[in-house]
Amino acid sequence: MVITPVLVEFKRLLLDVASGSGLQLTEVETDLVQTNHLLNEAVAKLSSSFLDLHKAVASQQTTVAMILAQESKATPLQIDALKQQQQQIDMHVNSAVTGLQFQDMTSQLIERTLKRVLGLRDVLGLLSASSWNVVPETDLAQMHAMLQNINQTMEERLVDLENGLWKAVRQTHMSSGDIDLF
């Protein structure tokens with residue numbers, strides 16, 4: 001009775017579970033750190049943009065009130081001030097919209113993280129379900145074949161999981177103008 005092939009397959013199974021799970025959990029950690037970073041930047045940028053927008057609208061309202069109080073035509077200086085204030089409002093609105101685009105990226109990162117966790121749970125569930133087939137009456141040849149089958153299935157599922165997920169978001173700073181979503 002030679003049990004070396006069984007032990008080799010069992011050791012390989014444990015190593016595959018450990019390394020495959022470890023790599024997936026490392027990716028989860030990376031995604032969550034990046035998600036947290038993007039959320040913090042998005043919230044700060046949106047807050048700043050909306051405060052700036054509020055200031056620009058208030059300034060524009062003051063100019064309009066001054067024009068109305070004079071009951072005369074607007075001077076060229078006042079018209080220029082209104083145009084500049086409108087440009088500031090447009091800039092702040094565009095900045096706020098950019099912040100909202102990063103919220104979309106963050107949502108995609110969270111969704112991908114959840115898929116990774118669910119996929120990993122599926123892989124570990126396969127291992128758990130397969131362990132019920134090992135009974136004391138199982139001979140070494142059956143155990144060896146069963147472990148090879150479990151190893152192959154787990155490797156396929158881990159590869160499918162990795163291939164089914166997008167790679168990391170390239171956009172990591174809110175100040176950058178281009179957005180590369182996966």
# chains A, B, ... in the order shown; residues from 1 in each chain; ligands from 1
$ select_by_dssp --residues "chain A" --states "alpha helix (DSSP H)" --output "ChimeraX atom specification"
/A:4-70,76-131,140-163
$ residues_around --residues "range 82-91 of chain A" --least-positions-apart "3" --cutoff "7 Å" --atoms "only C-alpha atoms" --output "ChimeraX atom specification"
/A:53,56-57,60,78-79,94-95
$ write_last_selection --atoms "all heavy atoms" --output "tab-separated table (two decimals), in the first residue's frame"
chain	number	residue	atom	x	y	z
A	53	LEU	N	-19.33	76.21	-6.07
A	53	LEU	CA	-20.50	76.52	-6.89
A	53	LEU	C	-21.44	77.46	-6.13
A	53	LEU	O	-21.94	78.44	-6.68
A	53	LEU	CB	-21.22	75.23	-7.27
A	53	LEU	CG	-22.47	75.36	-8.13
A	53	LEU	CD1	-22.16	76.02	-9.46
A	53	LEU	CD2	-23.09	73.99	-8.35
A	56	ALA	N	-19.97	80.94	-6.13
A	56	ALA	CA	-20.07	81.58	-7.45
A	56	ALA	C	-21.50	82.04	-7.73
A	56	ALA	O	-21.72	83.15	-8.25
A	56	ALA	CB	-19.59	80.63	-8.54
A	57	VAL	N	-22.47	81.24	-7.39
A	57	VAL	CA	-23.88	81.62	-7.60
A	57	VAL	C	-24.23	82.81	-6.70
A	57	VAL	O	-24.90	83.75	-7.15
A	57	VAL	CB	-24.82	80.41	-7.34
A	57	VAL	CG1	-26.28	80.86	-7.25
A	57	VAL	CG2	-24.65	79.37	-8.43
A	60	GLN	N	-22.72	85.87	-8.22
A	60	GLN	CA	-23.48	86.27	-9.40
A	60	GLN	C	-24.81	86.93	-8.99
A	60	GLN	O	-25.21	87.93	-9.58
A	60	GLN	CB	-23.75	85.06	-10.29
A	60	GLN	CG	-24.42	85.43	-11.61
A	60	GLN	CD	-24.68	84.20	-12.46
A	60	GLN	OE1	-25.21	83.22	-11.97
A	60	GLN	NE2	-24.31	84.29	-13.72
A	78	GLN	N	-19.79	95.33	-15.46
A	78	GLN	CA	-20.75	94.41	-14.83
A	78	GLN	C	-21.04	93.21	-15.73
A	78	GLN	O	-21.16	92.08	-15.25
A	78	GLN	CB	-22.04	95.16	-14.49
A	78	GLN	CG	-21.87	96.18	-13.38
A	78	GLN	CD	-23.08	97.09	-13.23
A	78	GLN	OE1	-23.75	97.43	-14.21
A	78	GLN	NE2	-23.35	97.50	-11.99
A	79	ILE	N	-21.15	93.45	-17.03
A	79	ILE	CA	-21.39	92.35	-17.97
A	79	ILE	C	-20.21	91.38	-17.95
A	79	ILE	O	-20.39	90.17	-17.93
A	79	ILE	CB	-21.66	92.90	-19.39
A	79	ILE	CG1	-23.01	93.62	-19.40
A	79	ILE	CG2	-21.63	91.77	-20.42
A	79	ILE	CD1	-23.29	94.37	-20.68
A	94	ASN	N	-18.81	71.32	-13.79
A	94	ASN	CA	-18.03	70.27	-14.47
A	94	ASN	C	-17.17	69.50	-13.48
A	94	ASN	O	-17.04	68.28	-13.59
A	94	ASN	CB	-17.17	70.88	-15.58
A	94	ASN	CG	-17.98	71.32	-16.77
A	94	ASN	OD1	-19.08	70.84	-17.01
A	94	ASN	ND2	-17.47	72.28	-17.52
A	95	SER	N	-16.61	70.19	-12.53
A	95	SER	CA	-15.80	69.54	-11.51
A	95	SER	C	-16.64	68.58	-10.67
A	95	SER	O	-16.21	67.46	-10.35
A	95	SER	CB	-15.16	70.61	-10.62
A	95	SER	OG	-14.37	70.01	-9.63
$ atom_distance --atom1 "CA of Thr35 in chain A" --atom2 "CA of Thr106 in chain A"
5.6 Å
$ atom_distance --atom1 "CA of Ser48 in chain A" --atom2 "CA of Ala81 in chain A"
22.3 Å
$ residues_around --residues "Leu120 in chain A" --least-positions-apart "6" --cutoff "9 Å" --atoms "only C-alpha atoms" --output "VMD selection string"
chain A and resid 20 to 21 24 to 25 157 to 158 161
$ write_last_selection --atoms "all heavy atoms" --output "PDB file, in the first residue's frame"
ATOM      1  N   GLY A  20      -4.142  30.047  -3.900  1.00  0.00           N
ATOM      2  CA  GLY A  20      -5.243  30.622  -4.667  1.00  0.00           C
ATOM      3  C   GLY A  20      -6.104  31.537  -3.823  1.00  0.00           C
ATOM      4  O   GLY A  20      -6.453  32.641  -4.219  1.00  0.00           O
ATOM      5  N   SER A  21      -6.420  31.090  -2.617  1.00  0.00           N
ATOM      6  CA  SER A  21      -7.223  31.913  -1.713  1.00  0.00           C
ATOM      7  C   SER A  21      -6.451  33.136  -1.269  1.00  0.00           C
ATOM      8  O   SER A  21      -6.995  34.240  -1.193  1.00  0.00           O
ATOM      9  CB  SER A  21      -7.649  31.098  -0.489  1.00  0.00           C
ATOM     10  OG  SER A  21      -8.439  30.005  -0.885  1.00  0.00           O
ATOM     11  N   GLN A  24      -6.407  35.734  -4.078  1.00  0.00           N
ATOM     12  CA  GLN A  24      -7.716  36.380  -4.209  1.00  0.00           C
ATOM     13  C   GLN A  24      -7.964  37.360  -3.057  1.00  0.00           C
ATOM     14  O   GLN A  24      -8.464  38.459  -3.265  1.00  0.00           O
ATOM     15  CB  GLN A  24      -8.836  35.335  -4.275  1.00  0.00           C
ATOM     16  CG  GLN A  24      -8.803  34.482  -5.530  1.00  0.00           C
ATOM     17  CD  GLN A  24      -8.895  35.305  -6.805  1.00  0.00           C
ATOM     18  OE1 GLN A  24      -9.726  36.197  -6.909  1.00  0.00           O
ATOM     19  NE2 GLN A  24      -8.048  35.011  -7.768  1.00  0.00           N
ATOM     20  N   LEU A  25      -7.617  36.958  -1.854  1.00  0.00           N
ATOM     21  CA  LEU A  25      -7.818  37.846  -0.714  1.00  0.00           C
ATOM     22  C   LEU A  25      -6.906  39.067  -0.784  1.00  0.00           C
ATOM     23  O   LEU A  25      -7.297  40.160  -0.376  1.00  0.00           O
ATOM     24  CB  LEU A  25      -7.627  37.077   0.592  1.00  0.00           C
ATOM     25  CG  LEU A  25      -8.711  36.031   0.872  1.00  0.00           C
ATOM     26  CD1 LEU A  25      -8.359  35.219   2.108  1.00  0.00           C
ATOM     27  CD2 LEU A  25     -10.080  36.678   1.015  1.00  0.00           C
ATOM     28  N   ARG A 157     -11.773  26.621 -11.653  1.00  0.00           N
ATOM     29  CA  ARG A 157     -12.644  27.661 -11.073  1.00  0.00           C
ATOM     30  C   ARG A 157     -11.848  28.904 -10.699  1.00  0.00           C
ATOM     31  O   ARG A 157     -12.322  30.020 -10.891  1.00  0.00           O
ATOM     32  CB  ARG A 157     -13.381  27.113  -9.853  1.00  0.00           C
ATOM     33  CG  ARG A 157     -14.367  26.028 -10.224  1.00  0.00           C
ATOM     34  CD  ARG A 157     -15.725  26.296  -9.643  1.00  0.00           C
ATOM     35  NE  ARG A 157     -16.659  25.264 -10.020  1.00  0.00           N
ATOM     36  CZ  ARG A 157     -17.514  24.694  -9.207  1.00  0.00           C
ATOM     37  NH1 ARG A 157     -17.564  25.063  -7.943  1.00  0.00           N
ATOM     38  NH2 ARG A 157     -18.349  23.779  -9.640  1.00  0.00           N
ATOM     39  N   LEU A 158     -10.644  28.725 -10.163  1.00  0.00           N
ATOM     40  CA  LEU A 158      -9.812  29.886  -9.824  1.00  0.00           C
ATOM     41  C   LEU A 158      -9.385  30.643 -11.080  1.00  0.00           C
ATOM     42  O   LEU A 158      -9.381  31.877 -11.091  1.00  0.00           O
ATOM     43  CB  LEU A 158      -8.596  29.460  -8.996  1.00  0.00           C
ATOM     44  CG  LEU A 158      -8.889  29.070  -7.548  1.00  0.00           C
ATOM     45  CD1 LEU A 158      -7.644  28.458  -6.898  1.00  0.00           C
ATOM     46  CD2 LEU A 158      -9.378  30.264  -6.744  1.00  0.00           C
ATOM     47  N   LEU A 161     -12.430  32.451 -12.337  1.00  0.00           N
ATOM     48  CA  LEU A 161     -12.678  33.617 -11.483  1.00  0.00           C
ATOM     49  C   LEU A 161     -11.768  34.766 -11.870  1.00  0.00           C
ATOM     50  O   LEU A 161     -12.219  35.893 -12.058  1.00  0.00           O
ATOM     51  CB  LEU A 161     -12.478  33.239 -10.010  1.00  0.00           C
ATOM     52  CG  LEU A 161     -12.590  34.374  -8.987  1.00  0.00           C
ATOM     53  CD1 LEU A 161     -13.980  34.990  -9.018  1.00  0.00           C
ATOM     54  CD2 LEU A 161     -12.261  33.856  -7.590  1.00  0.00           C
TER      55      LEU A 161
END
